[in-house]
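The structure under discussion appears below in the form of structure tokens.
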Amino acid sequence: MQEELFTSGRHIPNIDPSLEIWHWPISLYLFLGGLAAGILFFMGLITVLGKEKEYPTTVKYASIVPPIALSVGLLALVYDLTHPLYTWQLYTTVRLESPMSWGAWVLLITTPLSFLWVFSNCSELFPKWNLKFDFLKKFESFLKQNRKTMAYALIPLAIVLGVYTGILLSAFNARPLWNNAILGPLFLTSGLSTGAATIILLSKTAKERHLFGKIDLALIVIELGLIVHMLMGMYAGSQVQLEAMQLLIGGEFTVPFFGFVIILGLIIPGILELLEVKGYKIPVAVPALLVLIGGLLFRFIMVEAGQITRFLY
Amino acid sequence: MVIDTLKCVGCSDCVVACQTENNVPIGYCRDWITETVDGSYPNIELELKSERCNHCENAPCVRCCPTGASHIVEGGIVLVTPNECIGCGACIESCPYDARYQHPDGYVDKCTFCQHRLKKGELPACVSVCPTKCMYFGDLDNPNSEVSRLLKNRKYKTLAPEAGTKPHVYYLI
């Protein structure tokens, strides 16, 4: 038996007894970033494939979501900084070793692009708005002509953004729960899935809903597989990883993780979407909302639980 | 830095000296004492040691810092530049020793090995006040320095070597 305690006393705010450095804004951002990445990816893909006319929601109405999600997410990120007046220091250097650094740069490119995309649809989205100035109208038609170029840029950017939300966590070997290579693809899949769910929610045509229902179903299956991989990897890992896994299996996060993320957030919407694909009449908003809530809770649980896991003490 | 766990009595002088020397805000500390009890009575072992930032060679905090505020200076000391730190907390998350904290002013703070004293040719505050003289500070690159000789002649360990950080605080056992 080994027992370790601080005889000099140590109760540093937010550090002891377990880390609470990253709070709800980080979880919220990880969710919104993934969601935005998902929508941007589908938006870009459909534009590149030249199917804008068939899937109008994705390229038009749903495209309003990413700029809002990214703006709220970025505000949340800055809100969680403790030295926020120095945020500009992020853009004085490129540090390839730090996921947060290249995440900041990717966001710097992606966020304006997502705004420009909405602006390229401005006259269709908001027909009552009158673009008073000539140069604004010219700018809009210029953007419209170059939409395909933007789409080509958005696809890789969206993938990087989606992976980055996971890599941000998995880069820390001091937090065994996060430190696995599968977290990047897992968060990307979850982000794509929440993006597809948002498109389903906003969609007005049955064809579009049907397509994204299928896509979402495939993504849910992949995500479940990746979660199993993650747990298996930790199960076969070192002592600290075993202890980390025990938080999710048999520990304090078991009920929220399995109950809300796995069952309510993945399996039930998966079954509902499968039934829908088979032709049963299912209100599609139900699985879509479940996926969204499950995705949000997944981020919260991973951020909270990860900070409990540590090497010493 | 080399710390002799057989000589340490856990008096916390190093902790107080550090807090005074570096104006560490109340409630925070850059170093601390741990008491590890191993085994059960009557086969019981007690180990006392003073812990702090390990000034790792492969420092995860430096690796993940997005602005370069965390850096390694000549001699291997890991430092934070307050005016470059945005307070994102990535370094705190990345430290297996939980040796960093967010200063109430916002930036991240940690042990500096009392760099300001070293420049004057003095020892770090914790080393200089230790009543049992259980701490040794010196140049590990110099094979004739006291710390190098201690590591050559005595058994030692580092904390959480499995984290792969190559820590530079050694504990004689």
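We label chains A, B, ... in the order they appear in the structure tokens, count residues from 1 in each chain, and number ligands from 1 in the order shown.
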Could you please tell me, as a ChimeraX atom specification, which residues of chain B have an atom within 9 Å of chain A when using only C-alpha atoms? /B:10-12,15,27-29,31-40,48,60-69,83-98,100-108,159-160,163-164
Which polymer residues have any atom within 12 Å of an atom of A:Ala153, counting only C-alpha atoms, with same-chain residues fewer than 3 positions away left out, as a list in words? Leu40, Phe41, Met43, Gly44, Leu45, Thr47, Val48, Val106, Ile109, Thr110, Leu113, Ser114, Trp117, Asn146, Arg147, Lys148, Thr149, Met150, Pro156, Leu157, Ala158, Ile159 and Val160 of chain A
One decimal, in Å: what's the spacing between atom CA of A:Thr111 and atom CA of A:Ile155? 13.4 Å
Backbone DSSP call of alpha helix (DSSP H) for stretch 14-171 of chain B, listed as a PyMOL selection string: chain B and resi 14-21+60-64+90-94+115-119+125-129+146-153
Determine, counting only C-alpha atoms, which protein, DNA and RNA residues have an atom within 9 Å of an atom of stretch 129-137 of chain B; residues of the same chain fewer than 4 positions away are not included. Present the result as a count of residues only. 20
I want to know what sits within 12 Å of A:Ile39, based on only C-alpha atoms, with residues of the same chain fewer than 3 positions away left out; could you give that as an MDAnalysis selection string? chainID A and resid 32:36 42:46 57:70 114 151 154:155 157:159 161:162 188 190:200 202 212
For the selection you just gave me, I'd like the residues written to a file as a PDB file, in the first residue's frame, keeping C-alpha atoms.
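again.pdb, written as the output of this step:
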```pdb
ATOM      1  CA  LEU A  32     -19.316  24.171 -31.691  1.00  0.00           C
ATOM      2  CA  GLY A  33     -15.996  23.851 -33.527  1.00  0.00           C
ATOM      3  CA  GLY A  34     -16.777  20.249 -34.441  1.00  0.00           C
ATOM      4  CA  LEU A  35     -20.313  21.176 -35.501  1.00  0.00           C
ATOM      5  CA  ALA A  36     -19.077  24.045 -37.670  1.00  0.00           C
ATOM      6  CA  PHE A  42     -20.601  18.923 -46.220  1.00  0.00           C
ATOM      7  CA  MET A  43     -21.139  22.382 -47.679  1.00  0.00           C
ATOM      8  CA  GLY A  44     -17.781  22.246 -49.451  1.00  0.00           C
ATOM      9  CA  LEU A  45     -18.264  18.667 -50.585  1.00  0.00           C
ATOM     10  CA  ILE A  46     -21.674  19.280 -52.136  1.00  0.00           C
ATOM     11  CA  THR A  57     -30.206  23.604 -47.216  1.00  0.00           C
ATOM     12  CA  THR A  58     -26.628  22.465 -46.877  1.00  0.00           C
ATOM     13  CA  VAL A  59     -25.087  25.163 -49.024  1.00  0.00           C
ATOM     14  CA  LYS A  60     -27.509  27.946 -48.138  1.00  0.00           C
ATOM     15  CA  TYR A  61     -29.506  27.809 -44.930  1.00  0.00           C
ATOM     16  CA  ALA A  62     -27.211  25.602 -42.861  1.00  0.00           C
ATOM     17  CA  SER A  63     -24.269  27.759 -43.904  1.00  0.00           C
ATOM     18  CA  ILE A  64     -25.483  30.424 -41.478  1.00  0.00           C
ATOM     19  CA  VAL A  65     -24.664  28.102 -38.579  1.00  0.00           C
ATOM     20  CA  PRO A  66     -20.832  27.799 -38.881  1.00  0.00           C
ATOM     21  CA  PRO A  67     -20.012  31.520 -38.611  1.00  0.00           C
ATOM     22  CA  ILE A  68     -22.296  31.844 -35.591  1.00  0.00           C
ATOM     23  CA  ALA A  69     -20.964  28.653 -34.001  1.00  0.00           C
ATOM     24  CA  LEU A  70     -17.351  29.660 -34.620  1.00  0.00           C
ATOM     25  CA  SER A 114     -17.469  30.926 -43.352  1.00  0.00           C
ATOM     26  CA  ALA A 151     -15.284  24.988 -51.268  1.00  0.00           C
ATOM     27  CA  LEU A 154     -13.026  24.641 -46.935  1.00  0.00           C
ATOM     28  CA  ILE A 155     -12.906  20.853 -47.202  1.00  0.00           C
ATOM     29  CA  LEU A 157      -9.767  23.308 -43.467  1.00  0.00           C
ATOM     30  CA  ALA A 158     -12.907  21.697 -42.041  1.00  0.00           C
ATOM     31  CA  ILE A 159     -11.143  18.369 -41.625  1.00  0.00           C
ATOM     32  CA  LEU A 161     -10.593  21.978 -37.658  1.00  0.00           C
ATOM     33  CA  GLY A 162     -12.522  18.838 -36.741  1.00  0.00           C
ATOM     34  CA  LEU A 188     -13.845  14.642 -36.248  1.00  0.00           C
ATOM     35  CA  SER A 190     -18.529  13.256 -33.883  1.00  0.00           C
ATOM     36  CA  GLY A 191     -18.268  16.765 -35.359  1.00  0.00           C
ATOM     37  CA  LEU A 192     -19.315  15.548 -38.825  1.00  0.00           C
ATOM     38  CA  SER A 193     -22.194  13.666 -37.222  1.00  0.00           C
ATOM     39  CA  THR A 194     -23.435  16.738 -35.319  1.00  0.00           C
ATOM     40  CA  GLY A 195     -23.036  18.776 -38.524  1.00  0.00           C
ATOM     41  CA  ALA A 196     -25.159  16.285 -40.452  1.00  0.00           C
ATOM     42  CA  ALA A 197     -27.747  16.351 -37.629  1.00  0.00           C
ATOM     43  CA  THR A 198     -27.961  20.141 -37.851  1.00  0.00           C
ATOM     44  CA  ILE A 199     -28.498  19.937 -41.607  1.00  0.00           C
ATOM     45  CA  ILE A 200     -31.274  17.355 -41.016  1.00  0.00           C
ATOM     46  CA  LEU A 202     -32.830  22.664 -40.906  1.00  0.00           C
ATOM     47  CA  PHE A 212     -27.996  13.159 -44.409  1.00  0.00           C
TER      48      PHE A 212
END
```
Please measure the separation of atom CA of A:Leu224 and atom CA of A:Leu186, giving the value in Å to one decimal.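 These atoms are spaced 9.0 Å apart.
Taking atom CA of A:Ile271 as the reference point, atom CA of A:Gly213 is found at 11.1 Å.
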Could you name the residues that touch B:His55 at 12 Å or less, counting only C-alpha atoms, but leaving out those on the same chain fewer than 6 positions away, as a ChimeraX atom specification? /B:1,61-62,70-80,95-97,99-100,110-113,158-159,165-170
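Minimum distance to B:Gly138 across B:Glu57, B:Asn153, B:Gly121, B:Leu46 (counting only C-alpha atoms) occurs at B:Gly121.
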